[in-house]
file upload.txt (compact mmCIF, C-alpha atoms)
# COMPACT_ATOMS: atom_id res chain seq x y z
CA MET A 1 -12.92 0.92 -10.71
CA GLN A 2 -11.57 3.08 -7.91
CA LYS A 3 -7.95 4.27 -8.03
CA TYR A 4 -5.85 4.27 -4.84
CA VAL A 5 -2.92 6.52 -3.95
CA CYS A 6 0.04 5.71 -1.71
CA SER A 7 0.04 8.18 1.18
CA VAL A 8 3.84 7.92 1.44
CA CYS A 9 5.12 8.45 -2.11
CA GLY A 10 2.04 9.35 -4.18
CA TYR A 11 2.08 6.26 -6.43
CA ILE A 12 -1.37 5.73 -7.91
CA TYR A 13 -2.63 2.18 -8.32
CA GLU A 14 -4.81 2.08 -11.41
CA PRO A 15 -6.90 -1.09 -11.68
CA ALA A 16 -7.04 -0.84 -15.49
CA ALA A 17 -3.24 -1.18 -15.62
CA GLY A 18 -2.69 -3.44 -12.61
CA ASP A 19 0.91 -3.99 -11.49
CA PRO A 20 2.28 -6.61 -13.89
CA ASP A 21 5.82 -6.36 -12.44
CA SER A 22 4.38 -7.62 -9.14
CA GLY A 23 2.09 -10.22 -10.68
CA VAL A 24 -1.13 -8.17 -10.46
CA ALA A 25 -3.08 -8.48 -13.70
CA ALA A 26 -4.82 -5.58 -15.41
CA ASP A 27 -8.42 -5.00 -14.30
CA THR A 28 -7.68 -6.20 -10.74
CA SER A 29 -9.52 -4.10 -8.18
CA PHE A 30 -7.48 -2.83 -5.23
CA GLU A 31 -9.51 -5.00 -2.86
CA ASP A 32 -8.53 -8.11 -4.84
CA ILE A 33 -4.78 -7.49 -4.67
CA PRO A 34 -3.08 -9.97 -2.29
CA ASP A 35 -2.60 -8.61 1.25
CA ASP A 36 1.18 -9.03 1.00
CA TRP A 37 1.42 -6.72 -2.04
CA VAL A 38 3.54 -3.60 -1.48
CA CYS A 39 3.87 -0.27 -3.24
CA PRO A 40 6.20 -0.79 -6.22
CA ILE A 41 7.84 2.59 -5.59
CA CYS A 42 8.42 2.82 -1.83
CA GLY A 43 7.56 -0.64 -0.51
CA VAL A 44 4.83 0.17 2.03
CA GLY A 45 1.83 -2.12 2.47
CA LYS A 46 -1.73 -1.80 1.23
CA ASP A 47 -2.76 -0.19 4.53
CA MET A 48 -0.91 2.97 3.48
CA PHE A 49 -3.12 3.49 0.41
CA GLU A 50 -6.20 5.69 0.31
CA PRO A 51 -8.96 6.04 -2.30
CA GLU A 52 -8.12 8.78 -4.78
call {"tool": "encode", "arguments": {"input": "upload.txt", "output": "structure tokens"}}
result
Amino acid sequence: MQKYVCSVCGYIYEPAAGDPDSGVAADTSFEDIPDDWVCPICGVGKDMFEPE
């Protein structure tokens, strides 16, 4: 699955790991993350992420 990087802080969303602290299970593709999810580091929305 495709990784995505936050254009503000550089956080990389890795689908294999998910974001368990925000309720996103491992193996969740970026497209399947809820639209209200935000970067766990800087708090920006999904629209600020780009494919790595």
call {"tool": "residues_around", "arguments": {"input": "upload.txt", "residues": "stretch 27-34 of chain A", "least_positions_apart": "5", "cutoff": "10 Å", "atoms": "all atoms listed in the file", "output": "number ranges by chain"}}
result
A: 1-4, 13-19, 46, 49, 51
call {"tool": "atom_distance", "arguments": {"input": "upload.txt", "atom1": "atom CA of A:Ala25", "atom2": "atom CA of A:Ile41"}}
result
17.5 Å
call {"tool": "residues_around", "arguments": {"input": "upload.txt", "residues": "A:Asp47", "least_positions_apart": "6", "cutoff": "10 Å", "atoms": "all atoms listed in the file", "output": "PyMOL selection string"}}
result
chain A and resi 6-7+35+38
call {"tool": "write_last_selection", "arguments": {"input": "upload.txt", "atoms": "C-alpha atoms", "output": "compact mmCIF listing (two decimals), in the coordinates of the input"}}
result
# COMPACT_ATOMS: atom_id res chain seq x y z
CA CYS A 6 0.04 5.71 -1.71
CA SER A 7 0.04 8.18 1.18
CA ASP A 35 -2.60 -8.61 1.25
CA VAL A 38 3.54 -3.60 -1.48
call {"tool": "atom_distance", "arguments": {"input": "upload.txt", "atom1": "atom CA of A:Val5", "atom2": "atom CA of A:Pro20"}}
result
17.3 Å
call {"tool": "closest_residue", "arguments": {"input": "upload.txt", "among": "A:Asp36, A:Gly10, A:Ala26, A:Asp21", "to": "A:Glu52", "atoms": "all atoms listed in the file"}}
result
A:Gly10
call {"tool": "residues_around", "arguments": {"input": "upload.txt", "residues": "A:Gly43", "least_positions_apart": "6", "cutoff": "10 Å", "atoms": "only C-alpha atoms", "output": "PDB file with C-alpha atoms, in the coordinates of the input"}}
result
ATOM      1  CA  CYS A   6       0.040   5.710  -1.710  1.00  0.00           C
ATOM      2  CA  VAL A   8       3.840   7.920   1.440  1.00  0.00           C
ATOM      3  CA  CYS A   9       5.120   8.450  -2.110  1.00  0.00           C
ATOM      4  CA  TRP A  37       1.420  -6.720  -2.040  1.00  0.00           C
TER       5      TRP A  37
END
